[in-house]
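Student: Structure incoming, see below.
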Amino acid sequence: MQAIRLKTEFLFEPVGIDIDRPRLFWNCQGGTRQTAYEIAATAEDGRTCGRAAV
């Protein structure tokens with residue numbers, strides 16, 4: 001499964017979001033149905049800043 005049309009707070013490529021818990025949105029390529037997800041936030045230098053799985 002590949003996530004496409006990624007958005008944060010309804011914005012494509014947001015810069016400077018000042019929200020503690022931003023809402024994340026995406027679609028699955030090819031109409032695939034998603035049953036779980038894992039999100040990892042990384043800094044520009046590649047360091048992992050946070051991770052969550054559901």
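All residue names refer to the structure tokens as shown: chains lettered A, B, ... in order, residues numbered from 1 in each chain, ligands numbered from 1 in order.
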I want to know what sits within 12 Å of Tyr37 (chain A), based on only C-alpha atoms, with residues of the same chain fewer than 3 positions away left out; could you give that as a list in words?
Tutor: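 Selected residues are Met1, Gln2, Ala3, Leu24, Phe25, Trp26, Cys28, Arg33, Gln34, Ala40, Arg51, Ala52, Ala53 and Val54 of chain A.
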Student: Please return, as a ChimeraX atom specification, all residues of chain A that DSSP assigns to strand (DSSP E or B) on the basis of the backbone.
Tutor: /A:3-8,11,24-28,38-42,48-53
Student: Selected residues, N, CA and C atoms, written as an mmCIF file, in the first residue's frame, please.
Tutor:
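Heads up, here's the output in again-v3.cif:
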```
data_model
loop_
_atom_site.group_PDB
_atom_site.id
_atom_site.type_symbol
_atom_site.label_atom_id
_atom_site.label_comp_id
_atom_site.auth_asym_id
_atom_site.auth_seq_id
_atom_site.Cartn_x
_atom_site.Cartn_y
_atom_site.Cartn_z
ATOM 1 N N ALA A 3 0.656 5.424 0.390
ATOM 2 C CA ALA A 3 -0.174 6.578 0.731
ATOM 3 C C ALA A 3 0.057 7.687 -0.294
ATOM 4 N N ILE A 4 -1.034 8.274 -0.783
ATOM 5 C CA ILE A 4 -0.944 9.365 -1.754
ATOM 6 C C ILE A 4 -1.800 10.532 -1.259
ATOM 7 N N ARG A 5 -1.618 11.690 -1.856
ATOM 8 C CA ARG A 5 -2.351 12.914 -1.490
ATOM 9 C C ARG A 5 -2.251 13.187 0.014
ATOM 10 N N LEU A 6 -1.006 13.234 0.517
ATOM 11 C CA LEU A 6 -0.760 13.464 1.940
ATOM 12 C C LEU A 6 -1.103 14.898 2.310
ATOM 13 N N LYS A 7 -1.814 15.066 3.427
ATOM 14 C CA LYS A 7 -2.185 16.400 3.907
ATOM 15 C C LYS A 7 -2.023 16.462 5.426
ATOM 16 N N THR A 8 -1.677 17.640 5.916
ATOM 17 C CA THR A 8 -1.651 17.935 7.345
ATOM 18 C C THR A 8 -2.520 19.153 7.564
ATOM 19 N N LEU A 11 -3.818 20.776 4.475
ATOM 20 C CA LEU A 11 -2.871 21.472 3.597
ATOM 21 C C LEU A 11 -1.883 20.485 2.991
ATOM 22 N N LEU A 24 -3.740 14.375 10.319
ATOM 23 C CA LEU A 24 -3.075 13.863 9.122
ATOM 24 C C LEU A 24 -4.092 13.138 8.259
ATOM 25 N N PHE A 25 -4.001 13.347 6.956
ATOM 26 C CA PHE A 25 -4.934 12.729 6.009
ATOM 27 C C PHE A 25 -4.158 12.158 4.837
ATOM 28 N N TRP A 26 -4.646 11.038 4.274
ATOM 29 C CA TRP A 26 -4.061 10.458 3.077
ATOM 30 C C TRP A 26 -5.064 9.543 2.420
ATOM 31 N N ASN A 27 -4.776 9.196 1.168
ATOM 32 C CA ASN A 27 -5.554 8.212 0.425
ATOM 33 C C ASN A 27 -4.640 7.054 0.086
ATOM 34 N N CYS A 28 -5.224 5.891 -0.148
ATOM 35 C CA CYS A 28 -4.467 4.707 -0.536
ATOM 36 C C CYS A 28 -4.465 4.591 -2.049
ATOM 37 N N GLU A 38 1.018 3.097 10.656
ATOM 38 C CA GLU A 38 2.127 3.497 11.514
ATOM 39 C C GLU A 38 2.687 4.784 10.936
ATOM 40 N N ILE A 39 2.870 5.781 11.780
ATOM 41 C CA ILE A 39 3.384 7.073 11.340
ATOM 42 C C ILE A 39 4.680 7.344 12.079
ATOM 43 N N ALA A 40 5.725 7.722 11.354
ATOM 44 C CA ALA A 40 7.006 8.091 11.951
ATOM 45 C C ALA A 40 7.348 9.500 11.500
ATOM 46 N N ALA A 41 7.680 10.362 12.453
ATOM 47 C CA ALA A 41 8.098 11.730 12.146
ATOM 48 C C ALA A 41 9.616 11.787 12.203
ATOM 49 N N THR A 42 10.224 12.350 11.174
ATOM 50 C CA THR A 42 11.678 12.458 11.137
ATOM 51 C C THR A 42 12.106 13.898 10.893
ATOM 52 N N THR A 48 14.732 10.098 13.903
ATOM 53 C CA THR A 48 13.321 9.851 14.204
ATOM 54 C C THR A 48 12.905 10.716 15.395
ATOM 55 N N CYS A 49 11.853 11.498 15.205
ATOM 56 C CA CYS A 49 11.360 12.393 16.259
ATOM 57 C C CYS A 49 10.199 11.783 17.024
ATOM 58 N N GLY A 50 9.460 10.891 16.407
ATOM 59 C CA GLY A 50 8.320 10.279 17.069
ATOM 60 C C GLY A 50 7.756 9.161 16.212
ATOM 61 N N ARG A 51 7.023 8.258 16.842
ATOM 62 C CA ARG A 51 6.449 7.120 16.126
ATOM 63 C C ARG A 51 5.163 6.709 16.809
ATOM 64 N N ALA A 52 4.159 6.341 16.022
ATOM 65 C CA ALA A 52 2.882 5.870 16.567
ATOM 66 C C ALA A 52 2.313 4.809 15.642
ATOM 67 N N ALA A 53 1.661 3.804 16.203
ATOM 68 C CA ALA A 53 1.033 2.749 15.417
ATOM 69 C C ALA A 53 -0.353 2.466 15.942
#
```
Student: Near Glu9 (chain A), counting only C-alpha atoms, which residues have an atom at most 12 Å away, once you skip same-chain residues fewer than 5 positions from it, shown as JSON, numbers by chain?
Tutor: {"A": [14, 15, 16, 17, 18, 19, 20, 21, 22, 23, 24, 25, 26]}
Student: Keeping only N, CA, C and O atoms, write those residues as a PDB file, in the first residue's frame.
Tutor:
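File produced: result.pdb:
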```pdb
ATOM      1  N   PRO A  14       2.522  21.590   4.161  1.00  0.00           N
ATOM      2  CA  PRO A  14       2.429  22.715   5.114  1.00  0.00           C
ATOM      3  C   PRO A  14       3.805  23.077   5.676  1.00  0.00           C
ATOM      4  O   PRO A  14       4.696  22.239   5.756  1.00  0.00           O
ATOM      5  N   VAL A  15       3.950  24.323   6.046  1.00  0.00           N
ATOM      6  CA  VAL A  15       5.192  24.806   6.651  1.00  0.00           C
ATOM      7  C   VAL A  15       4.825  25.547   7.938  1.00  0.00           C
ATOM      8  O   VAL A  15       3.943  26.405   7.936  1.00  0.00           O
ATOM      9  N   GLY A  16       5.471  25.208   9.031  1.00  0.00           N
ATOM     10  CA  GLY A  16       5.275  25.931  10.276  1.00  0.00           C
ATOM     11  C   GLY A  16       3.935  25.706  10.947  1.00  0.00           C
ATOM     12  O   GLY A  16       3.335  26.642  11.441  1.00  0.00           O
ATOM     13  N   ILE A  17       3.451  24.477  10.987  1.00  0.00           N
ATOM     14  CA  ILE A  17       2.192  24.174  11.679  1.00  0.00           C
ATOM     15  C   ILE A  17       2.427  24.332  13.185  1.00  0.00           C
ATOM     16  O   ILE A  17       3.315  23.708  13.745  1.00  0.00           O
ATOM     17  N   ASP A  18       1.635  25.158  13.844  1.00  0.00           N
ATOM     18  CA  ASP A  18       1.791  25.412  15.276  1.00  0.00           C
ATOM     19  C   ASP A  18       0.628  24.771  16.051  1.00  0.00           C
ATOM     20  O   ASP A  18      -0.122  25.431  16.747  1.00  0.00           O
ATOM     21  N   ILE A  19       0.494  23.444  15.872  1.00  0.00           N
ATOM     22  CA  ILE A  19      -0.591  22.697  16.504  1.00  0.00           C
ATOM     23  C   ILE A  19       0.027  21.495  17.218  1.00  0.00           C
ATOM     24  O   ILE A  19       0.853  20.784  16.646  1.00  0.00           O
ATOM     25  N   ASP A  20      -0.359  21.263  18.469  1.00  0.00           N
ATOM     26  CA  ASP A  20       0.205  20.161  19.247  1.00  0.00           C
ATOM     27  C   ASP A  20      -0.121  18.790  18.666  1.00  0.00           C
ATOM     28  O   ASP A  20       0.695  17.884  18.692  1.00  0.00           O
ATOM     29  N   ARG A  21      -1.341  18.615  18.175  1.00  0.00           N
ATOM     30  CA  ARG A  21      -1.780  17.330  17.611  1.00  0.00           C
ATOM     31  C   ARG A  21      -2.378  17.555  16.227  1.00  0.00           C
ATOM     32  O   ARG A  21      -3.604  17.551  16.064  1.00  0.00           O
ATOM     33  N   PRO A  22      -1.523  17.744  15.217  1.00  0.00           N
ATOM     34  CA  PRO A  22      -2.045  18.016  13.878  1.00  0.00           C
ATOM     35  C   PRO A  22      -2.794  16.811  13.303  1.00  0.00           C
ATOM     36  O   PRO A  22      -2.455  15.659  13.588  1.00  0.00           O
ATOM     37  N   ARG A  23      -3.833  17.088  12.533  1.00  0.00           N
ATOM     38  CA  ARG A  23      -4.596  16.029  11.860  1.00  0.00           C
ATOM     39  C   ARG A  23      -3.891  15.671  10.562  1.00  0.00           C
ATOM     40  O   ARG A  23      -3.492  16.549   9.791  1.00  0.00           O
ATOM     41  N   LEU A  24      -3.740  14.375  10.319  1.00  0.00           N
ATOM     42  CA  LEU A  24      -3.075  13.863   9.122  1.00  0.00           C
ATOM     43  C   LEU A  24      -4.092  13.138   8.259  1.00  0.00           C
ATOM     44  O   LEU A  24      -4.934  12.401   8.776  1.00  0.00           O
ATOM     45  N   PHE A  25      -4.001  13.347   6.956  1.00  0.00           N
ATOM     46  CA  PHE A  25      -4.934  12.729   6.009  1.00  0.00           C
ATOM     47  C   PHE A  25      -4.158  12.158   4.837  1.00  0.00           C
ATOM     48  O   PHE A  25      -3.147  12.714   4.424  1.00  0.00           O
ATOM     49  N   TRP A  26      -4.646  11.038   4.274  1.00  0.00           N
ATOM     50  CA  TRP A  26      -4.061  10.458   3.077  1.00  0.00           C
ATOM     51  C   TRP A  26      -5.064   9.543   2.420  1.00  0.00           C
ATOM     52  O   TRP A  26      -6.064   9.172   3.009  1.00  0.00           O
TER      53      TRP A  26
END
```
